[in-house]
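Remarks on the structure that follows.
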Amino acid sequence: MNDELSSLKSAMLGHAVADAMGVPVEFESRETLKKDPVTGYRGYGSHSVPAGTWSDDTSMNLASLDSLSRGLDYGDMLERFCRWKNQAAYTATDEVFDMGISTVEALRRFERGTTPLECGGTGEHDNGNGSLMRIIPAVFYCKYRMTNAALPEKLTVIHNISALTHAHPRSKIACGIYAFVLWALLDTGDKTAIANGLRLAEAFYRNEPEFQQEFPRYKRTFQMADTLPLEETIRSGGYVVDTLEAALWCLLTTENYRDCVLKAVNLGRDTDTVAAVAGGLAGVLYGAEDIPEEWLDGLIRREAIEKLCKQFAESKAS
């Protein structure tokens with residue numbers, strides 16, 4: 001349990017710290033941030049919240065973790081998402097802000113009685129990064145609670161958890177690629193795992209009929225196993241393909257947690273989510289001990305995150 005708990009804390013804290021780092025400058029351009037780069041927490045800014053405040057990214061991650069610590073129940077997970085939306089559960093400051101449109105629409109469908117796996121949007125416009133940003137708990141669940149399951153069964157769970165809010169195959173693939181990379185990092189703990197994870201993901205999705213039409217959209221992402229694109233070609237908006245690529249690029253072009261997260265934030269635009277997606281992976285790669293202590297100390301409600309990590313690690317969910 002100790003290795004699982006340590007890795008889970010590293011991932012969840014790595015995600016939350018990076019999320020909070022990006023919140024105050026969300027929507028800022030890359031050019032603006034080059035002139036005034038983020039080097040640590042800032043207060044207020046884009047969302048008028050105190051320094052160290054996390055966003056919907058971490059709130060939904062925590063809701064997912066809380067749900068999965070009790071077993072795999074898609075309805076329960078959506079109910080917890082609705083508690084976040086309606087009652088500000090799992091938030092840093094008892095306030096909900098920056099809620100994605102596709103997520104809101106999916107939760108409203110659930111509240112109107114739609115079956116959980118039919119709630120997520122399936123249109124071209126439903127490919128924001130709203131499921132990618134909360135997929136870490138699902139990846140841990142598949143690894144540590146589905147130990148006897150075959151790979152396709154684990155990927156079905158990843159895809160289903162994405163589909164609660166984002167059911168388009170493009171969004172499902174992004175979550176699957178992230179899962180392959182995170183699983184590889186959990187297995188080997190070194191940077192070569194990133195390329196290995198990308199190659200395994202490419203091999204899996206290449207042969208899956210459901211994803212054939214979307215597979216080419218991740219060509220550049222898979223190529224990062226061997227060749228890194230230039231910064232000027234990296235897009236850091238809310239489109240799920242761009243978010244995943246930017247996060248992996250930041251991870252692959254830095255050598256520690258601090259540099260990875262600051263690089264992600266200073267790309268601009270969807271600063272909190274790109275940083276959070278990168279930060280979760282960087283947390284596992286480098287360990288929570290590599291997260292600057294002042295960043296951990298400044299993270300609002302850090303103890304709530306650690307408590308839910310402990311709850312999951314101690315659970316007997318199956």
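Convention: chains lettered A, B, ... in structure tokens order; per-chain residue numbering from 1; ligands numbered from 1 as shown.
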
List the spatial neighbours of region 75-88 of chain A as a CSV table (one decimal) with C-alpha atoms, in the first residue's frame - criterion: any atom at most 9 Å away, only C-alpha atoms, same-chain residues fewer than 2 positions off excluded.
```
chain,number,residue,atom,x,y,z
A,56,ASP,CA,-12.5,22.4,-11.6
A,59,SER,CA,-12.2,19.3,-7.9
A,60,MET,CA,-13.4,16.7,-10.4
A,63,ALA,CA,-14.7,13.7,-6.8
A,64,SER,CA,-13.5,10.8,-9.0
A,65,LEU,CA,-11.0,9.6,-6.4
A,66,ASP,CA,-13.6,9.7,-3.7
A,67,SER,CA,-16.0,7.7,-5.8
A,68,LEU,CA,-13.5,5.1,-6.9
A,72,LEU,CA,-16.6,1.4,-9.8
A,73,ASP,CA,-20.0,3.1,-10.0
A,90,TYR,CA,-14.4,19.2,-3.4
A,91,THR,CA,-13.4,22.8,-3.9
A,92,ALA,CA,-10.5,24.8,-2.5
A,93,THR,CA,-12.5,27.9,-1.3
A,94,ASP,CA,-16.2,26.6,-1.3
A,95,GLU,CA,-16.6,28.3,-4.7
A,96,VAL,CA,-17.1,26.8,-8.2
A,99,MET,CA,-16.9,25.1,-15.4
A,104,VAL,CA,-22.2,21.2,-17.5
A,107,LEU,CA,-24.3,16.8,-15.7
A,108,ARG,CA,-27.6,18.4,-16.6
A,110,PHE,CA,-27.6,13.1,-15.7
A,111,GLU,CA,-29.8,15.2,-13.5
A,115,THR,CA,-28.2,6.8,-18.2
A,116,PRO,CA,-24.6,7.6,-16.9
A,117,LEU,CA,-22.7,6.3,-20.0
A,161,ILE,CA,-15.1,7.4,-17.3
A,164,LEU,CA,-19.4,10.5,-18.4
A,165,THR,CA,-18.8,14.0,-19.7
```

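Every protein or nucleic acid residue with an atom no more than 7 Å from Ala313 (chain A), counting only C-alpha atoms and leaving out same-chain residues fewer than 2 positions away, appears here: A:Met1, A:Glu4, A:Leu5, A:Cys309, A:Lys310, A:Gln311, A:Ser315.
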
Resulting file, chosen residues, N, CA and C atoms, as an mmCIF file, in the first residue's frame:
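Produced file selection-v3.cif, reproduced below:
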```
data_model
loop_
_atom_site.group_PDB
_atom_site.id
_atom_site.type_symbol
_atom_site.label_atom_id
_atom_site.label_comp_id
_atom_site.auth_asym_id
_atom_site.auth_seq_id
_atom_site.Cartn_x
_atom_site.Cartn_y
_atom_site.Cartn_z
ATOM 1 N N MET A 1 0.813 -1.214 0.000
ATOM 2 C CA MET A 1 0.000 0.000 0.000
ATOM 3 C C MET A 1 0.845 1.262 0.000
ATOM 4 N N GLU A 4 1.758 2.462 -3.518
ATOM 5 C CA GLU A 4 0.561 2.975 -4.165
ATOM 6 C C GLU A 4 0.201 4.348 -3.608
ATOM 7 N N LEU A 5 0.193 4.471 -2.293
ATOM 8 C CA LEU A 5 -0.168 5.747 -1.670
ATOM 9 C C LEU A 5 0.835 6.834 -2.023
ATOM 10 N N CYS A 309 -6.465 10.597 -0.865
ATOM 11 C CA CYS A 309 -5.462 9.651 -1.367
ATOM 12 C C CYS A 309 -5.324 8.466 -0.407
ATOM 13 N N LYS A 310 -5.273 8.757 0.875
ATOM 14 C CA LYS A 310 -5.152 7.705 1.884
ATOM 15 C C LYS A 310 -6.393 6.817 1.885
ATOM 16 N N GLN A 311 -7.549 7.445 1.742
ATOM 17 C CA GLN A 311 -8.811 6.692 1.702
ATOM 18 C C GLN A 311 -8.804 5.698 0.537
ATOM 19 N N SER A 315 -8.657 1.466 0.577
ATOM 20 C CA SER A 315 -9.936 0.872 0.190
ATOM 21 C C SER A 315 -9.743 -0.539 -0.358
#
```

(message) Using only C-alpha atoms, which protein or nucleic acid residues come within 7 Å of region 166-181 of chain A? Drop anything in the same chain fewer than 6 positions from it, and give the result as a PyMOL selection string.
(response) chain A and resi 120-123+126-127+131-132+135+139+155+158-159+193-194+197-198+200-201+211+214+240-241+244

For N, CA and C atoms, I'd like the residues from the last selection saved as a compact mmCIF listing (two decimals), in the first residue's frame.
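Saved as part27.txt:
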```txt
# COMPACT_ATOMS: atom_id res chain seq x y z
N GLY A 120 -22.31 11.93 -21.65
CA GLY A 120 -21.25 12.71 -22.30
C GLY A 120 -21.57 13.08 -23.73
N GLY A 121 -21.12 14.26 -24.13
CA GLY A 121 -21.34 14.72 -25.49
C GLY A 121 -20.54 13.92 -26.49
N THR A 122 -21.12 13.73 -27.68
CA THR A 122 -20.46 12.94 -28.72
C THR A 122 -20.14 13.74 -29.97
N GLY A 123 -20.37 15.05 -29.94
CA GLY A 123 -20.14 15.87 -31.11
C GLY A 123 -18.71 16.35 -31.24
N ASP A 126 -17.39 18.56 -28.62
CA ASP A 126 -17.26 18.00 -27.27
C ASP A 126 -15.88 17.41 -27.02
N ASN A 127 -14.86 18.03 -27.58
CA ASN A 127 -13.50 17.52 -27.43
C ASN A 127 -12.60 18.51 -26.71
N SER A 131 -12.37 15.73 -19.68
CA SER A 131 -12.22 14.39 -19.09
C SER A 131 -10.75 14.05 -18.88
N LEU A 132 -9.89 14.52 -19.75
CA LEU A 132 -8.45 14.29 -19.58
C LEU A 132 -7.95 14.84 -18.25
N ILE A 135 -8.61 12.28 -15.17
CA ILE A 135 -8.51 10.84 -15.43
C ILE A 135 -7.51 10.12 -14.51
N VAL A 139 -6.93 5.90 -13.77
CA VAL A 139 -5.70 5.18 -14.13
C VAL A 139 -5.19 4.37 -12.94
N LEU A 155 -8.88 -0.47 -20.47
CA LEU A 155 -9.09 0.68 -21.36
C LEU A 155 -10.58 1.00 -21.50
N ILE A 158 -11.35 3.23 -18.62
CA ILE A 158 -10.83 4.58 -18.90
C ILE A 158 -11.76 5.31 -19.86
N HIS A 159 -12.14 4.65 -20.94
CA HIS A 159 -13.01 5.27 -21.94
C HIS A 159 -14.38 5.59 -21.36
N ALA A 193 10.11 5.87 -19.76
CA ALA A 193 8.76 5.31 -19.69
C ALA A 193 7.78 6.11 -20.55
N ILE A 194 8.04 7.40 -20.72
CA ILE A 194 7.11 8.23 -21.49
C ILE A 194 7.04 7.74 -22.93
N GLY A 197 5.36 4.34 -23.08
CA GLY A 197 3.92 4.46 -22.95
C GLY A 197 3.27 4.92 -24.25
N LEU A 198 3.90 5.88 -24.91
CA LEU A 198 3.37 6.38 -26.18
C LEU A 198 3.36 5.27 -27.24
N LEU A 200 3.20 2.01 -26.73
CA LEU A 200 2.17 1.04 -26.38
C LEU A 200 0.78 1.56 -26.74
N ALA A 201 0.56 2.84 -26.49
CA ALA A 201 -0.72 3.45 -26.83
C ALA A 201 -0.94 3.43 -28.34
N PHE A 211 -11.68 3.46 -33.08
CA PHE A 211 -10.85 4.67 -33.03
C PHE A 211 -10.09 4.94 -34.33
N GLU A 214 -10.15 8.51 -35.73
CA GLU A 214 -9.52 9.53 -34.88
C GLU A 214 -8.03 9.31 -34.69
N VAL A 240 -8.57 18.99 -26.59
CA VAL A 240 -7.95 17.88 -25.88
C VAL A 240 -6.66 17.39 -26.54
N VAL A 241 -6.60 17.37 -27.87
CA VAL A 241 -5.39 16.92 -28.55
C VAL A 241 -4.23 17.87 -28.23
N LEU A 244 -3.04 17.55 -24.40
CA LEU A 244 -2.22 16.36 -24.16
C LEU A 244 -0.83 16.53 -24.75
```

Any chance you could tabulate, as a Markdown table, the residues of region 273-310 of chain A at most 7 Å from region 253-257 of chain A with each one's nearest atom pair and distance in Å to one decimal, using only C-alpha atoms, in chain and rising number order?
```
| residue | atom | partner | partner_atom | distance |
| --- | --- | --- | --- | --- |
| A:Ala282 | CA | A:Tyr257 | CA | 5.5 |
| A:Gly283 | CA | A:Tyr257 | CA | 6.6 |
| A:Tyr286 | CA | A:Tyr257 | CA | 6.5 |
| A:Asp290 | CA | A:Tyr257 | CA | 6.2 |
| A:Ile291 | CA | A:Tyr257 | CA | 6.0 |
```

Determine, for each residue of region 219-296 of chain A having at least one atom at most 9 Å from an atom of region 40-51 of chain A, the closest pair of atoms and their separation in Å to one decimal, counting only C-alpha atoms; order by chain and ascending number, as CSV.
```
residue,atom,partner,partner_atom,distance
A:Leu262,CA,A:Gly40,CA,8.1
A:Glu294,CA,A:Gly40,CA,9.0
A:Trp295,CA,A:Tyr41,CA,7.4
```

(request) Please identify which residues in region 5-168 of chain A DSSP calls alpha helix (DSSP H) from the backbone, and express them as an MDAnalysis selection string. (result) chainID A and resid 5:22 30:35 56:68 74:87 101:111 136:145 151:163

(request) Measure the distance from CA of Gly189 (chain A) to CA of Asp272 (chain A) in Å and round it to one decimal. (result) 24.7 Å

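Neighbouring residues of Leu230 (chain A) at 12 Å or closer, counting only C-alpha atoms and skipping chain neighbours under 5 positions away, are Arg220, Met224, Arg235, Glu245, Ala246, Trp249, Cys250 and Thr253 of chain A.
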
(message) Would you compute the distance between CA of Thr271 (chain A) and CA of Leu8 (chain A)? Give it in Å to one decimal.
(response) 22.7 Å

(request) Would you please give, as a PyMOL selection string, all residues of region 46-276 of chain A that DSSP assigns to strand (DSSP E or B) based on the backbone? (result) chain A and resi 121+128+166+239

For the residues in that selection, give me C-alpha atoms as a CSV table (one decimal), in the first residue's frame.
```csv
chain,number,residue,atom,x,y,z
A,121,GLY,CA,-21.3,14.7,-25.5
A,128,GLY,CA,-12.3,19.9,-24.8
A,166,HIS,CA,-16.8,13.6,-23.0
A,239,TYR,CA,-8.7,21.3,-27.3
```

(request) Rank nothing, just name the residue among A:Asp242, A:Asp187, A:Glu118, A:Asp270 nearest to Asp57 (chain A), using only C-alpha atoms. (result) A:Asp270
